[in-house]
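Undergrad: Can you read through this structure? Questions will come right after.
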Amino acid sequence: MAEQRGDERRTADVRGSADVEGSAADAGEPPRRAARPEEARAWDDLVTTARRTVSDGLVVGTSGNVSVRVGDTVLVTPSGVPYDRLTPDDVTGVDLHGRQVLGTLVPTSELPMHLAVYRTTGALAVVHTHAVHATAVSTLVTELPLIHYMAAALGGPVRVAPYAPYGSDELAENMLQALAGRSGCLLQNHGTLTHGSTLAQAYDRTAQLEWMCRLWLTASSVPGLTPSLLSREQLTEVEERLRGYGQRG
């Protein structure tokens with residue numbers, strides 16, 4: 001959750017007046033450096049994806065966050081900065097230990113979740129949102145009912161990670177348990193998190209998860225009727241089919 005505190009241009013150097021590179025060294029952190037060409041391109045894609053979460057109604061304001069891994073560097077949206085104001089000069093990146101190596105804007109407060117995903121999976125992109133229908137579902141169940149076969153695209157039934165304060169190590173740990181064997185989960189009373197090998201894939205999984213949550217809420221709201229659900233066996237069959245889905249070559 002990129003909290004909306006209005007501090008749009010805080011620097012990562014809390015001492016304010018010290019030279020950025022020098023202060024990082026004093027704190028035992030690696031010195032800041034210029035973005036490499038591949039990082040600059042990845043930053044452009046990240047900003048485009050972050051803006052899409054707003055335009056598609058998955059977040060409001062600066063809530064939610066996006067990251068992408070380039071080698072051992074994780075580019076991530078900064079805290080409290082509206083996505084339409086981000087420029088190429090605002091590139092923000094950390095190493096896998098969370099030490100800032102690119103930029104001066106403070107990284108998202110949800111950095112622990114993003115880093116936990118990269119440390120424990122082969123993911124190269126993470127999308128976190130506060131999508132309305134998915135967040136609503138997270139308050140009702142511990143696992144999204146099997147309302148549609150696209151759950152297979154996320155690795156199986158989507159679990160809900162128990163609530164913990166945003167930005168906490170506890171939330172990151174709860175998320176990892178819910179993500180085990182999955183590429184997406186719900187965060188109780190909070191939102192969604194998905195990952196993928198590309199930003200496009202991570203985003204698509206977020207959109208699919210929000211759609212499935214909306215579908216279940218819609219079907220469940222019809223008085224006197226209960227939606228039919230898929231069995232685990234039916235979902236397994238779909239998982240097999242998805243392995244051969246799409247164009248080859």
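Residues are referred to by chain and number: the chain letter is A, B, ... according to the order shown in the structure tokens, the number counts from 1 in that chain, and ligands are numbered separately from 1 in the order shown.
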So that I can see what lies close to range 140-145 of chain A, please list as a list in words the residues with an atom at most 10 Å from it, counting only C-alpha atoms and leaving out residues fewer than 4 positions away in the same chain.
TA: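 With the cut-off at 10 Å, the set is Ala134, Thr135, Ala136, Ala151, Pro157, Val158, Arg159, Val160, Ala161, Pro162, Ala178, Cys185, Leu186, Leu187, Gln188, Asn189, Leu209, Met212, Cys213, Trp216, Pro227, Ser228, Leu229, Leu230 and Ser231 of chain A.
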Undergrad: So that I can see what lies close to Thr53 in chain A, please list as a ChimeraX atom specification the residues with an atom at most 8 Å from it, counting only C-alpha atoms and leaving out residues fewer than 5 positions away in the same chain.
TA: /A:58-59,129
Undergrad: Got time to write the residues from that selection, N, CA and C atoms, as a PDB file, in the first residue's frame?
TA:
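The file below, part-v8.pdb, is the result:
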ATOM      1  N   LEU A  58      -8.359  -0.310 -10.399  1.00  0.00           N
ATOM      2  CA  LEU A  58      -7.874  -1.272  -9.415  1.00  0.00           C
ATOM      3  C   LEU A  58      -7.298  -0.609  -8.176  1.00  0.00           C
ATOM      4  N   VAL A  59      -6.968   0.662  -8.280  1.00  0.00           N
ATOM      5  CA  VAL A  59      -6.487   1.424  -7.129  1.00  0.00           C
ATOM      6  C   VAL A  59      -7.092   2.822  -7.179  1.00  0.00           C
ATOM      7  N   THR A 129      -2.664  -4.353  -5.500  1.00  0.00           N
ATOM      8  CA  THR A 129      -3.744  -3.380  -5.668  1.00  0.00           C
ATOM      9  C   THR A 129      -4.709  -3.430  -4.492  1.00  0.00           C
TER      10      THR A 129
END
Undergrad: Report, in Å with one decimal, the straight-line distance from CA of Leu171 in chain A to CA of Ser67 in chain A.
TA: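 If I compute the distance from CA of Leu171 in chain A to CA of Ser67 in chain A, I get 17.3 Å.
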Undergrad: I'd like a table as CSV: residues in range 178-207 of chain A with an atom no more than 9 Å from range 99-119 of chain A, each row giving the shortest atom pair and its distance in Å to one decimal, only C-alpha atoms counted, sorted by chain and rising residue number.
TA:
residue,atom,partner,partner_atom,distance
A:Leu179,CA,A:Val117,CA,8.9
A:Leu193,CA,A:Met113,CA,8.9
A:His195,CA,A:Val117,CA,7.9
Undergrad: Enumerate as a PyMOL selection string all residues of range 81-215 of chain A assigned to strand (DSSP E) by DSSP on the backbone, naming them with the chain letters and numbers the document uses.
TA: chain A and resi 93-95+100-102+125-129+160-161+184-187+191-196
Undergrad: With N, CA, C and O atoms retained, export the selected residues as a compact mmCIF listing (two decimals), in the first residue's frame.
TA:
# COMPACT_ATOMS: atom_id res chain seq x y z
N GLY A 93 14.99 2.34 -7.01
CA GLY A 93 15.38 0.94 -6.98
C GLY A 93 16.14 0.57 -5.72
O GLY A 93 16.84 1.39 -5.13
N VAL A 94 15.98 -0.68 -5.33
CA VAL A 94 16.68 -1.21 -4.15
C VAL A 94 17.34 -2.54 -4.53
O VAL A 94 17.00 -3.14 -5.57
N ASP A 95 18.27 -2.99 -3.68
CA ASP A 95 18.80 -4.33 -3.88
C ASP A 95 17.89 -5.32 -3.17
O ASP A 95 16.87 -4.94 -2.56
N GLN A 100 18.60 1.04 -0.79
CA GLN A 100 18.32 1.83 -1.99
C GLN A 100 19.59 2.07 -2.80
O GLN A 100 20.60 2.53 -2.29
N VAL A 101 19.51 1.76 -4.09
CA VAL A 101 20.66 1.93 -4.99
C VAL A 101 20.35 2.88 -6.13
O VAL A 101 21.27 3.32 -6.84
N LEU A 102 19.07 3.18 -6.35
CA LEU A 102 18.67 4.08 -7.43
C LEU A 102 17.68 5.11 -6.90
O LEU A 102 16.69 4.74 -6.24
N ALA A 125 8.21 -9.77 -11.59
CA ALA A 125 7.32 -8.61 -11.49
C ALA A 125 6.25 -8.90 -10.44
O ALA A 125 5.81 -10.04 -10.28
N VAL A 126 5.83 -7.84 -9.73
CA VAL A 126 4.81 -7.96 -8.69
C VAL A 126 3.84 -6.78 -8.82
O VAL A 126 4.27 -5.64 -9.02
N VAL A 127 2.55 -7.07 -8.71
CA VAL A 127 1.52 -6.03 -8.73
C VAL A 127 0.66 -6.19 -7.48
O VAL A 127 0.14 -7.28 -7.21
N HIS A 128 0.51 -5.10 -6.73
CA HIS A 128 -0.33 -5.08 -5.53
C HIS A 128 -1.38 -3.99 -5.71
O HIS A 128 -1.05 -2.86 -6.05
N THR A 129 -2.66 -4.35 -5.50
CA THR A 129 -3.74 -3.38 -5.67
C THR A 129 -4.71 -3.43 -4.49
O THR A 129 -4.65 -4.34 -3.65
N VAL A 160 -6.63 -16.47 1.08
CA VAL A 160 -6.64 -15.14 1.70
C VAL A 160 -5.60 -15.12 2.81
O VAL A 160 -5.67 -15.92 3.75
N ALA A 161 -4.63 -14.22 2.71
CA ALA A 161 -3.63 -14.06 3.77
C ALA A 161 -4.25 -13.33 4.96
O ALA A 161 -4.90 -12.30 4.77
N GLY A 184 -0.86 -15.75 -7.08
CA GLY A 184 -1.67 -14.64 -6.61
C GLY A 184 -2.40 -15.00 -5.33
O GLY A 184 -2.64 -16.18 -5.04
N CYS A 185 -2.71 -13.99 -4.53
CA CYS A 185 -3.48 -14.21 -3.31
C CYS A 185 -4.25 -12.95 -2.97
O CYS A 185 -4.02 -11.87 -3.54
N LEU A 186 -5.18 -13.09 -2.03
CA LEU A 186 -5.88 -11.95 -1.47
C LEU A 186 -5.27 -11.62 -0.11
O LEU A 186 -4.75 -12.51 0.57
N LEU A 187 -5.33 -10.36 0.26
CA LEU A 187 -4.84 -9.90 1.56
C LEU A 187 -6.04 -9.43 2.35
O LEU A 187 -6.75 -8.51 1.91
N GLY A 191 -6.36 -6.12 0.04
CA GLY A 191 -6.32 -6.08 -1.42
C GLY A 191 -5.80 -7.35 -2.05
O GLY A 191 -6.08 -8.46 -1.57
N THR A 192 -5.01 -7.20 -3.11
CA THR A 192 -4.50 -8.34 -3.87
C THR A 192 -3.00 -8.24 -4.06
O THR A 192 -2.42 -7.14 -3.98
N LEU A 193 -2.38 -9.38 -4.33
CA LEU A 193 -0.99 -9.40 -4.77
C LEU A 193 -0.82 -10.54 -5.76
O LEU A 193 -1.23 -11.67 -5.48
N THR A 194 -0.24 -10.23 -6.91
CA THR A 194 0.07 -11.24 -7.91
C THR A 194 1.49 -11.04 -8.39
O THR A 194 2.06 -9.95 -8.28
N HIS A 195 2.08 -12.11 -8.93
CA HIS A 195 3.42 -11.99 -9.50
C HIS A 195 3.48 -12.75 -10.81
O HIS A 195 2.60 -13.56 -11.13
N GLY A 196 4.52 -12.49 -11.58
CA GLY A 196 4.68 -13.15 -12.87
C GLY A 196 6.08 -12.98 -13.40
O GLY A 196 6.94 -12.35 -12.77
Undergrad: Smallest atom-to-atom distance to Glu240 in chain A: which of A:Val222, A:Arg41, A:Ala152, A:Glu170, using only C-alpha atoms?
TA: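 Counting only C-alpha atoms, the residue closest to Glu240 in chain A is A:Ala152.
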Undergrad: Determine the nearest neighbour of Ala207 in chain A from the options A:Ala131, A:Val137, A:Leu86, A:Ala180, counting only C-alpha atoms.
TA: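 Result for the nearest residue to Ala207 in chain A: A:Ala131.
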Undergrad: As number ranges by chain, please: all residues of range 21-228 of chain A that backbone DSSP puts in helix (DSSP H, G or I).
TA: A: 21-26, 37-55, 83-85, 88-90, 111-120, 132-138, 149-154, 169-179, 199-220
Undergrad: Name the residues in contact with Ser197 in chain A at a cut-off of 8 Å, using only C-alpha atoms, excluding same-chain residues fewer than 2 positions from it; report them as an mmCIF file with C-alpha atoms, in the first residue's frame.
TA:
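Once written, result16.cif looks like this:
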data_model
loop_
_atom_site.group_PDB
_atom_site.id
_atom_site.type_symbol
_atom_site.label_atom_id
_atom_site.label_comp_id
_atom_site.auth_asym_id
_atom_site.auth_seq_id
_atom_site.Cartn_x
_atom_site.Cartn_y
_atom_site.Cartn_z
ATOM 1 C CA GLY A 122 11.403 -16.890 -9.636
ATOM 2 C CA ALA A 123 9.082 -13.922 -10.189
ATOM 3 C CA LEU A 124 10.323 -10.883 -12.085
ATOM 4 C CA ALA A 125 7.319 -8.615 -11.489
ATOM 5 C CA HIS A 195 3.415 -11.988 -9.499
ATOM 6 C CA LEU A 199 4.781 -6.963 -15.703
ATOM 7 C CA GLN A 201 1.647 -11.278 -16.843
ATOM 8 C CA ALA A 202 1.498 -10.048 -13.249
#
Undergrad: Could you tell me how far CA of Tyr83 in chain A sits from CA of Tyr166 in chain A, in Å to one decimal place?
TA: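 Interatomic distance here is 19.9 Å.
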Undergrad: Just to confirm, what's the straight-line distance from CA of Asn65 in chain A to CA of Arg33 in chain A in Å (one decimal)?
TA: 22.9 Å
Undergrad: Just checking: using only C-alpha atoms, which residue out of A:Gly156, A:Arg205, A:Tyr163, A:Pro37 ends up closest to Glu237 in chain A?
TA: A:Gly156
Undergrad: With distances taken over only C-alpha atoms, which of A:Val54, A:Val47, A:Ala219, A:Leu235 is nearest to Arg85 in chain A?
TA: A:Val47
